[in-house]
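K.L.:
This one is coords-v8.cif, mmCIF, C-alpha atoms and all ligand atoms.
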```cif
data_upload
#
loop_
_atom_site.group_PDB
_atom_site.id
_atom_site.type_symbol
_atom_site.label_atom_id
_atom_site.label_comp_id
_atom_site.auth_asym_id
_atom_site.auth_seq_id
_atom_site.Cartn_x
_atom_site.Cartn_y
_atom_site.Cartn_z
ATOM 1 C CA MET A 1 -6.194 -10.715 38.171
ATOM 2 C CA TYR A 2 -6.120 -8.159 35.362
ATOM 3 C CA SER A 3 -6.947 -9.285 31.820
ATOM 4 C CA MET A 4 -6.950 -7.162 28.643
ATOM 5 C CA ARG A 5 -10.547 -8.352 28.296
ATOM 6 C CA ASP A 6 -11.356 -5.988 31.204
ATOM 7 C CA ASP A 7 -10.524 -3.031 28.926
ATOM 8 C CA LEU A 8 -13.154 -4.036 26.360
ATOM 9 C CA THR A 9 -16.879 -3.441 26.351
ATOM 10 C CA GLU A 10 -17.363 -6.522 24.163
ATOM 11 C CA VAL A 11 -15.646 -9.075 21.967
ATOM 12 C CA VAL A 12 -16.752 -8.620 18.361
ATOM 13 C CA TYR A 13 -14.863 -11.463 16.645
ATOM 14 C CA THR A 14 -13.551 -14.439 18.593
ATOM 15 C CA GLU A 15 -10.344 -16.294 17.738
ATOM 16 C CA LYS A 16 -12.420 -19.157 16.389
ATOM 17 C CA LYS A 17 -14.526 -16.941 14.144
ATOM 18 C CA ILE A 18 -11.460 -15.120 12.817
ATOM 19 C CA ALA A 19 -9.583 -18.367 12.118
ATOM 20 C CA ALA A 20 -12.520 -19.861 10.205
ATOM 21 C CA ARG A 21 -12.956 -16.753 8.038
ATOM 22 C CA VAL A 22 -9.212 -16.411 7.393
ATOM 23 C CA GLU A 23 -9.072 -20.032 6.283
ATOM 24 C CA GLU A 24 -11.979 -19.447 3.877
ATOM 25 C CA LEU A 25 -10.221 -16.449 2.349
ATOM 26 C CA GLY A 26 -6.982 -18.443 2.061
ATOM 27 C CA PHE A 27 -8.720 -21.200 0.096
ATOM 28 C CA GLN A 28 -10.398 -18.633 -2.140
ATOM 29 C CA ILE A 29 -7.127 -16.800 -2.819
ATOM 30 C CA THR A 30 -5.307 -20.084 -3.494
ATOM 31 C CA ASP A 31 -7.906 -20.971 -6.104
ATOM 32 C CA ASP A 32 -7.963 -17.498 -7.692
ATOM 33 C CA PHE A 33 -4.160 -17.140 -7.801
ATOM 34 C CA LYS A 34 -3.090 -20.651 -8.846
ATOM 35 C CA ASP A 35 -2.591 -19.600 -12.496
ATOM 36 C CA LYS A 36 -0.622 -16.505 -11.465
ATOM 37 C CA VAL A 37 2.304 -18.357 -9.924
ATOM 38 C CA LYS A 38 4.260 -18.342 -13.186
ATOM 39 C CA ASP A 39 4.413 -14.523 -13.215
ATOM 40 C CA GLY A 40 5.222 -14.298 -9.512
ATOM 41 C CA ILE A 41 2.998 -13.393 -6.581
ATOM 42 C CA VAL A 42 4.023 -10.874 -3.930
ATOM 43 C CA ALA A 43 2.082 -10.512 -0.702
ATOM 44 C CA ILE A 44 2.601 -6.960 0.562
ATOM 45 C CA THR A 45 1.708 -6.631 4.228
ATOM 46 C CA VAL A 46 1.060 -3.110 5.482
ATOM 47 C CA LEU A 47 2.834 -2.641 8.812
ATOM 48 C CA ARG A 48 2.045 -2.691 11.549
ATOM 49 C CA GLY A 49 -1.618 -3.497 12.021
ATOM 50 C CA ALA A 50 -1.883 -6.204 9.344
ATOM 51 C CA ILE A 51 0.899 -8.451 10.663
ATOM 52 C CA THR A 52 -1.322 -10.848 12.609
ATOM 53 C CA PHE A 53 -3.906 -11.181 9.844
ATOM 54 C CA SER A 54 -1.144 -11.566 7.270
ATOM 55 C CA THR A 55 0.785 -14.323 9.012
ATOM 56 C CA ASP A 56 -2.408 -16.325 9.491
ATOM 57 C CA LEU A 57 -3.770 -15.638 5.991
ATOM 58 C CA CYS A 58 -0.504 -16.349 4.165
ATOM 59 C CA ARG A 59 -0.202 -19.737 5.875
ATOM 60 C CA CYS A 60 -3.655 -20.574 4.454
ATOM 61 C CA ILE A 61 -2.541 -19.746 0.893
ATOM 62 C CA ASP A 62 -1.037 -22.886 -0.630
ATOM 63 C CA LEU A 63 1.063 -21.176 -3.314
ATOM 64 C CA PRO A 64 4.685 -19.993 -3.443
ATOM 65 C CA MET A 65 4.602 -16.259 -2.772
ATOM 66 C CA GLU A 66 7.135 -13.584 -1.964
ATOM 67 C CA ALA A 67 6.584 -11.640 1.253
ATOM 68 C CA ASP A 68 7.250 -7.928 1.283
ATOM 69 C CA PHE A 69 6.244 -5.088 3.584
ATOM 70 C CA MET A 70 5.279 -1.448 3.468
ATOM 71 C CA GLN A 71 4.624 1.004 6.228
ATOM 72 C CA LEU A 72 2.448 4.083 5.937
ATOM 73 C CA SER A 73 1.702 6.716 8.477
ATOM 74 C CA SER A 74 -1.607 8.456 8.817
ATOM 75 C CA TYR A 75 -2.972 7.957 12.308
ATOM 76 C CA GLY A 76 -0.062 8.412 14.677
ATOM 77 C CA ASP A 77 -0.901 7.317 18.196
ATOM 78 C CA GLY A 78 -4.349 8.866 18.296
ATOM 79 C CA HIS A 79 -7.543 7.382 16.953
ATOM 80 C CA LYS A 80 -8.576 9.892 14.300
ATOM 81 C CA SER A 81 -7.335 9.795 10.719
ATOM 82 C CA SER A 82 -5.181 12.770 9.809
ATOM 83 C CA GLY A 83 -6.198 12.329 6.166
ATOM 84 C CA SER A 84 -2.672 12.635 4.807
ATOM 85 C CA VAL A 85 -0.739 9.456 4.065
ATOM 86 C CA LYS A 86 3.045 9.151 3.882
ATOM 87 C CA ILE A 87 5.356 6.237 3.125
ATOM 88 C CA LYS A 88 7.563 5.244 6.026
ATOM 89 C CA LYS A 89 8.826 2.080 4.351
ATOM 90 C CA ASP A 90 8.632 1.076 0.681
ATOM 91 C CA VAL A 91 8.734 -2.509 -0.650
ATOM 92 C CA SER A 92 12.218 -4.045 -0.736
ATOM 93 C CA SER A 93 11.936 -5.952 -4.039
ATOM 94 C CA SER A 94 10.668 -5.232 -7.539
ATOM 95 C CA ILE A 95 6.972 -5.929 -8.137
ATOM 96 C CA THR A 96 7.026 -5.066 -11.842
ATOM 97 C CA GLY A 97 5.155 -7.704 -13.869
ATOM 98 C CA LYS A 98 4.107 -9.602 -10.745
ATOM 99 C CA HIS A 99 0.733 -10.167 -9.126
ATOM 100 C CA VAL A 100 0.442 -8.176 -5.913
ATOM 101 C CA LEU A 101 -1.777 -9.077 -2.974
ATOM 102 C CA VAL A 102 -2.012 -6.136 -0.567
ATOM 103 C CA ILE A 103 -2.823 -7.252 2.970
ATOM 104 C CA GLU A 104 -4.363 -4.612 5.268
ATOM 105 C CA ASP A 105 -6.011 -4.791 8.662
ATOM 106 C CA ILE A 106 -8.700 -2.139 8.272
ATOM 107 C CA TYR A 107 -10.436 -0.034 5.653
ATOM 108 C CA ASP A 108 -11.777 3.084 7.366
ATOM 109 C CA THR A 109 -11.802 6.362 5.432
ATOM 110 C CA GLY A 110 -10.105 4.614 2.505
ATOM 111 C CA ASN A 111 -7.285 7.198 2.338
ATOM 112 C CA SER A 112 -4.538 4.649 2.995
ATOM 113 C CA MET A 113 -5.741 2.078 0.486
ATOM 114 C CA GLN A 114 -6.344 4.672 -2.220
ATOM 115 C CA PHE A 115 -2.880 6.093 -1.736
ATOM 116 C CA LEU A 116 -1.263 2.650 -1.560
ATOM 117 C CA THR A 117 -2.879 1.152 -4.646
ATOM 118 C CA ASN A 118 -2.085 4.284 -6.699
ATOM 119 C CA PHE A 119 1.493 4.178 -5.479
ATOM 120 C CA LEU A 120 1.915 0.467 -6.242
ATOM 121 C CA GLN A 121 0.281 0.874 -9.658
ATOM 122 C CA SER A 122 3.092 3.243 -10.631
ATOM 123 C CA LYS A 123 5.514 0.310 -10.232
ATOM 124 C CA ASN A 124 3.694 -1.566 -13.036
ATOM 125 C CA PRO A 125 2.689 -4.829 -11.391
ATOM 126 C CA LYS A 126 0.695 -7.281 -13.515
ATOM 127 C CA SER A 127 -2.243 -7.007 -11.121
ATOM 128 C CA ILE A 128 -3.148 -5.682 -7.671
ATOM 129 C CA SER A 129 -5.619 -7.468 -5.395
ATOM 130 C CA THR A 130 -6.521 -6.564 -1.843
ATOM 131 C CA ALA A 131 -7.190 -8.620 1.269
ATOM 132 C CA VAL A 132 -8.569 -6.683 4.228
ATOM 133 C CA LEU A 133 -9.551 -7.960 7.644
ATOM 134 C CA LEU A 134 -12.140 -5.318 8.550
ATOM 135 C CA ARG A 135 -14.152 -2.680 6.744
ATOM 136 C CA LYS A 136 -15.760 -0.012 8.861
ATOM 137 C CA ASP A 137 -18.991 1.472 7.622
ATOM 138 C CA VAL A 138 -18.367 5.206 7.919
ATOM 139 C CA GLU A 139 -19.762 8.294 6.249
ATOM 140 C CA ASN A 140 -17.815 9.783 3.335
ATOM 141 C CA GLN A 141 -15.730 6.625 2.907
ATOM 142 C CA ILE A 142 -13.855 6.461 -0.399
ATOM 143 C CA PRO A 143 -15.624 3.791 -2.493
ATOM 144 C CA PHE A 144 -13.359 0.816 -3.202
ATOM 145 C CA ASP A 145 -13.932 -2.837 -4.135
ATOM 146 C CA ILE A 146 -11.980 -5.005 -1.710
ATOM 147 C CA ASP A 147 -11.290 -8.381 -3.316
ATOM 148 C CA TYR A 148 -11.043 -10.414 -0.111
ATOM 149 C CA LEU A 149 -12.781 -8.931 2.926
ATOM 150 C CA ALA A 150 -13.033 -10.895 6.153
ATOM 151 C CA PHE A 151 -15.652 -8.819 8.011
ATOM 152 C CA HIS A 152 -17.649 -5.602 8.019
ATOM 153 C CA CYS A 153 -17.247 -4.114 11.480
ATOM 154 C CA PRO A 154 -19.121 -1.580 13.590
ATOM 155 C CA ASN A 155 -17.897 2.018 13.628
ATOM 156 C CA GLU A 156 -16.436 1.666 17.117
ATOM 157 C CA PHE A 157 -12.942 1.849 18.577
ATOM 158 C CA ILE A 158 -11.773 -1.684 17.921
ATOM 159 C CA VAL A 159 -8.510 -3.294 18.979
ATOM 160 C CA GLY A 160 -6.851 -6.674 18.873
ATOM 161 C CA TYR A 161 -5.549 -9.179 16.323
ATOM 162 C CA GLY A 162 -3.073 -6.540 15.153
ATOM 163 C CA LEU A 163 -5.182 -3.427 15.690
ATOM 164 C CA ASP A 164 -3.902 -1.030 18.302
ATOM 165 C CA TYR A 165 -4.665 1.831 20.574
ATOM 166 C CA ALA A 166 -1.453 3.863 21.098
ATOM 167 C CA GLN A 167 0.515 0.814 19.849
ATOM 168 C CA LYS A 168 -1.009 -1.409 22.516
ATOM 169 C CA TYR A 169 -3.488 -4.297 22.400
ATOM 170 C CA ARG A 170 -2.132 -5.620 19.055
ATOM 171 C CA ASN A 171 -1.352 -8.881 20.851
ATOM 172 C CA LEU A 172 -4.950 -9.435 21.927
ATOM 173 C CA PRO A 173 -5.788 -12.687 20.083
ATOM 174 C CA TYR A 174 -9.359 -11.597 19.230
ATOM 175 C CA ILE A 175 -11.065 -8.336 18.217
ATOM 176 C CA GLY A 176 -13.063 -6.224 20.631
ATOM 177 C CA ILE A 177 -14.396 -2.750 21.350
ATOM 178 C CA LEU A 178 -12.217 -0.659 23.645
ATOM 179 C CA LYS A 179 -13.904 0.967 26.629
ATOM 180 C CA PRO A 180 -14.144 4.746 26.035
ATOM 181 C CA GLU A 181 -12.563 5.470 29.425
ATOM 182 C CA ILE A 182 -9.340 3.906 28.126
ATOM 183 C CA TYR A 183 -8.904 6.280 25.188
ATOM 184 C CA LEU A 184 -10.649 9.311 26.657
ATOM 185 C CA SER A 185 -8.594 9.329 29.856
HETATM 186 C C1 LIG B 201 -4.471 1.991 9.971
HETATM 187 C C2 LIG B 201 -4.665 0.736 9.135
HETATM 188 C C3 LIG B 201 -4.742 1.251 7.731
HETATM 189 C C4 LIG B 201 -5.361 2.615 7.906
HETATM 190 C C5 LIG B 201 -6.805 2.564 7.518
HETATM 191 O O1 LIG B 201 -3.109 2.311 9.977
HETATM 192 O O2 LIG B 201 -3.602 -0.174 9.291
HETATM 193 O O3 LIG B 201 -3.472 1.355 7.121
HETATM 194 O O4 LIG B 201 -5.229 2.979 9.287
HETATM 195 O O5 LIG B 201 -7.450 3.789 7.703
HETATM 196 P P1 LIG B 201 -7.991 4.689 6.505
HETATM 197 O O6 LIG B 201 -8.845 3.801 5.636
HETATM 198 O O7 LIG B 201 -8.795 5.741 7.215
HETATM 199 O O8 LIG B 201 -6.820 5.259 5.767
HETATM 200 P P2 LIG B 201 -2.366 3.146 11.122
HETATM 201 O O9 LIG B 201 -1.886 4.432 10.535
HETATM 202 O O10 LIG B 201 -3.221 3.206 12.347
HETATM 203 O O11 LIG B 201 -1.052 2.282 11.384
HETATM 204 P P3 LIG B 201 -0.834 0.826 11.998
HETATM 205 O O12 LIG B 201 -1.216 -0.173 10.935
HETATM 206 O O13 LIG B 201 0.628 0.810 12.291
HETATM 207 O O14 LIG B 201 -1.684 0.684 13.232
#
```
Please re-express this file's structure in structure tokens.
Ligand code: PRP
P.N.:
Amino acid sequence: MYSMRDDLTEVVYTEKKIAARVEELGFQITDDFKDKVKDGIVAITVLRGAITFSTDLCRCIDLPMEADFMQLSSYGDGHKSSGSVKIKKDVSSSITGKHVLVIEDIYDTGNSMQFLTNFLQSKNPKSISTAVLLRKDVENQIPFDIDYLAFHCPNEFIVGYGLDYAQKYRNLPYIGILKPEIYLS
């Protein structure tokens, strides 16, 4: 019987490993943000890739937070960054004077995060912090200090736990490397 596992060369992060790391980050964020509750905390999840990470992470943060969403477009359905970032969906509520936690699935070239943090800064939040599931180590990456990073990952075509290939495989509960024949065919 077919399994999505058959489309992977290997599993890089298992469900268990991801859950343990996400819980650690949640505890850390809870501790770091406990004095920020009075100003308001907004978790901004970047659609669509970060949804799985975000729903797990936010349930490990024991503080009252608002949930908002943004959507950018840079990659389309292919697997190479186009370099230009556009807003498809802005936040729905005001973030002025509040503490923002941006939740992203992957930091690759850095174009998206650079664009996003500059854009959000123009709305005058009290602070911006970033939680990112994966950071790829690639050449010419824009330098950026991620506040809460789950894992460094290999520079391979990875899918699962929210990450897609042509909008598919986001529902894979773990993270793995896609077989080249899948995306080269
Ligand atoms: C992915 C990911 C980040 C961005 C990172 O988004 O979610 O937003 O690429 O790459 P960068 O550091 O090179 O900018 P994508 O456009 O694939 O959308 P998705 O989240 O809907 O999959």
K.L.:
Name the closest residue to A:Leu178 among the candidates A:Asp164, A:Leu149, A:Leu72, A:Ile158; distances are taken between atoms, counting all atoms listed in the file.
P.N.:
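Under the stated criterion, the closest residue is A:Ile158.
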K.L.:
To one decimal place, how far is atom O3 of ligand LIG 201 (chain B) from atom CA of A:Lys34 in Å?
P.N.:
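Going from atom O3 of ligand LIG 201 (chain B) over to atom CA of A:Lys34 covers 27.2 Å.
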K.L.:
Which residues fall under the PyMOL selection byres (((chain A and resi 47) around 7) and not hetatm) in this file, as a PDB file with C-alpha atoms, in the coordinates of the input?
P.N.:
```pdb
ATOM      1  CA  THR A  45       1.708  -6.631   4.228  1.00  0.00           C
ATOM      2  CA  VAL A  46       1.060  -3.110   5.482  1.00  0.00           C
ATOM      3  CA  ARG A  48       2.045  -2.691  11.549  1.00  0.00           C
ATOM      4  CA  GLY A  49      -1.618  -3.497  12.021  1.00  0.00           C
ATOM      5  CA  ALA A  50      -1.883  -6.204   9.344  1.00  0.00           C
ATOM      6  CA  ILE A  51       0.899  -8.451  10.663  1.00  0.00           C
ATOM      7  CA  PHE A  69       6.244  -5.088   3.584  1.00  0.00           C
ATOM      8  CA  MET A  70       5.279  -1.448   3.468  1.00  0.00           C
ATOM      9  CA  GLN A  71       4.624   1.004   6.228  1.00  0.00           C
TER      10      GLN A  71
END
```
K.L.:
Please evaluate the PyMOL selection byres (((chain A and resi 92-98) around 9) and not hetatm) against the displayed coordinates and give the resulting residues as a PDB file with C-alpha atoms, keeping the file's coordinate frame.
P.N.:
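Okay, selection_37.pdb is ready:
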```
ATOM      1  CA  LYS A  36      -0.622 -16.505 -11.465  1.00  0.00           C
ATOM      2  CA  VAL A  37       2.304 -18.357  -9.924  1.00  0.00           C
ATOM      3  CA  ASP A  39       4.413 -14.523 -13.215  1.00  0.00           C
ATOM      4  CA  GLY A  40       5.222 -14.298  -9.512  1.00  0.00           C
ATOM      5  CA  ILE A  41       2.998 -13.393  -6.581  1.00  0.00           C
ATOM      6  CA  VAL A  42       4.023 -10.874  -3.930  1.00  0.00           C
ATOM      7  CA  ASP A  68       7.250  -7.928   1.283  1.00  0.00           C
ATOM      8  CA  PHE A  69       6.244  -5.088   3.584  1.00  0.00           C
ATOM      9  CA  MET A  70       5.279  -1.448   3.468  1.00  0.00           C
ATOM     10  CA  LYS A  89       8.826   2.080   4.351  1.00  0.00           C
ATOM     11  CA  ASP A  90       8.632   1.076   0.681  1.00  0.00           C
ATOM     12  CA  VAL A  91       8.734  -2.509  -0.650  1.00  0.00           C
ATOM     13  CA  HIS A  99       0.733 -10.167  -9.126  1.00  0.00           C
ATOM     14  CA  VAL A 100       0.442  -8.176  -5.913  1.00  0.00           C
ATOM     15  CA  LEU A 120       1.915   0.467  -6.242  1.00  0.00           C
ATOM     16  CA  LYS A 123       5.514   0.310 -10.232  1.00  0.00           C
ATOM     17  CA  ASN A 124       3.694  -1.566 -13.036  1.00  0.00           C
ATOM     18  CA  PRO A 125       2.689  -4.829 -11.391  1.00  0.00           C
ATOM     19  CA  LYS A 126       0.695  -7.281 -13.515  1.00  0.00           C
ATOM     20  CA  SER A 127      -2.243  -7.007 -11.121  1.00  0.00           C
ATOM     21  CA  ILE A 128      -3.148  -5.682  -7.671  1.00  0.00           C
TER      22      ILE A 128
END
```
K.L.:
Go through A:Ala150, A:Ala131, A:Gly162, A:Ser112 one by one, measure the shortest atom-to-atom distance of each to ligand LIG 201 (chain B) using all atoms listed in the file, and give the residue with the smallest value.
P.N.:
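Closest to ligand LIG 201 (chain B) of all the choices is A:Ser112.
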K.L.:
List the residues matched by the PyMOL selection byres (((not hetatm)) within 10 of (chain B and resi 201)) in the displayed structure as a short mmCIF file (atom, residue, chain, number, x, y, z; two decimals) with C-alpha atoms, in the frame of the given file, ordered by chain and then by residue number.
P.N.:
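Contents of selection-v2.cif, freshly written:
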```cif
data_model
loop_
_atom_site.label_atom_id
_atom_site.label_comp_id
_atom_site.auth_asym_id
_atom_site.auth_seq_id
_atom_site.Cartn_x
_atom_site.Cartn_y
_atom_site.Cartn_z
CA THR A 45 1.71 -6.63 4.23
CA VAL A 46 1.06 -3.11 5.48
CA LEU A 47 2.83 -2.64 8.81
CA ARG A 48 2.04 -2.69 11.55
CA GLY A 49 -1.62 -3.50 12.02
CA ALA A 50 -1.88 -6.20 9.34
CA ILE A 51 0.90 -8.45 10.66
CA MET A 70 5.28 -1.45 3.47
CA GLN A 71 4.62 1.00 6.23
CA LEU A 72 2.45 4.08 5.94
CA SER A 73 1.70 6.72 8.48
CA SER A 74 -1.61 8.46 8.82
CA TYR A 75 -2.97 7.96 12.31
CA GLY A 76 -0.06 8.41 14.68
CA ASP A 77 -0.90 7.32 18.20
CA GLY A 78 -4.35 8.87 18.30
CA HIS A 79 -7.54 7.38 16.95
CA LYS A 80 -8.58 9.89 14.30
CA SER A 81 -7.34 9.80 10.72
CA SER A 82 -5.18 12.77 9.81
CA GLY A 83 -6.20 12.33 6.17
CA SER A 84 -2.67 12.64 4.81
CA VAL A 85 -0.74 9.46 4.07
CA LYS A 86 3.04 9.15 3.88
CA ILE A 103 -2.82 -7.25 2.97
CA GLU A 104 -4.36 -4.61 5.27
CA ASP A 105 -6.01 -4.79 8.66
CA ILE A 106 -8.70 -2.14 8.27
CA TYR A 107 -10.44 -0.03 5.65
CA ASP A 108 -11.78 3.08 7.37
CA THR A 109 -11.80 6.36 5.43
CA GLY A 110 -10.10 4.61 2.50
CA ASN A 111 -7.28 7.20 2.34
CA SER A 112 -4.54 4.65 3.00
CA MET A 113 -5.74 2.08 0.49
CA GLN A 114 -6.34 4.67 -2.22
CA PHE A 115 -2.88 6.09 -1.74
CA LEU A 116 -1.26 2.65 -1.56
CA VAL A 132 -8.57 -6.68 4.23
CA LEU A 133 -9.55 -7.96 7.64
CA LEU A 134 -12.14 -5.32 8.55
CA ARG A 135 -14.15 -2.68 6.74
CA LYS A 136 -15.76 -0.01 8.86
CA VAL A 138 -18.37 5.21 7.92
CA GLN A 141 -15.73 6.62 2.91
CA ILE A 142 -13.86 6.46 -0.40
CA VAL A 159 -8.51 -3.29 18.98
CA GLY A 162 -3.07 -6.54 15.15
CA LEU A 163 -5.18 -3.43 15.69
CA ASP A 164 -3.90 -1.03 18.30
CA TYR A 165 -4.66 1.83 20.57
CA ALA A 166 -1.45 3.86 21.10
CA GLN A 167 0.52 0.81 19.85
CA LYS A 168 -1.01 -1.41 22.52
CA ARG A 170 -2.13 -5.62 19.06
#
```
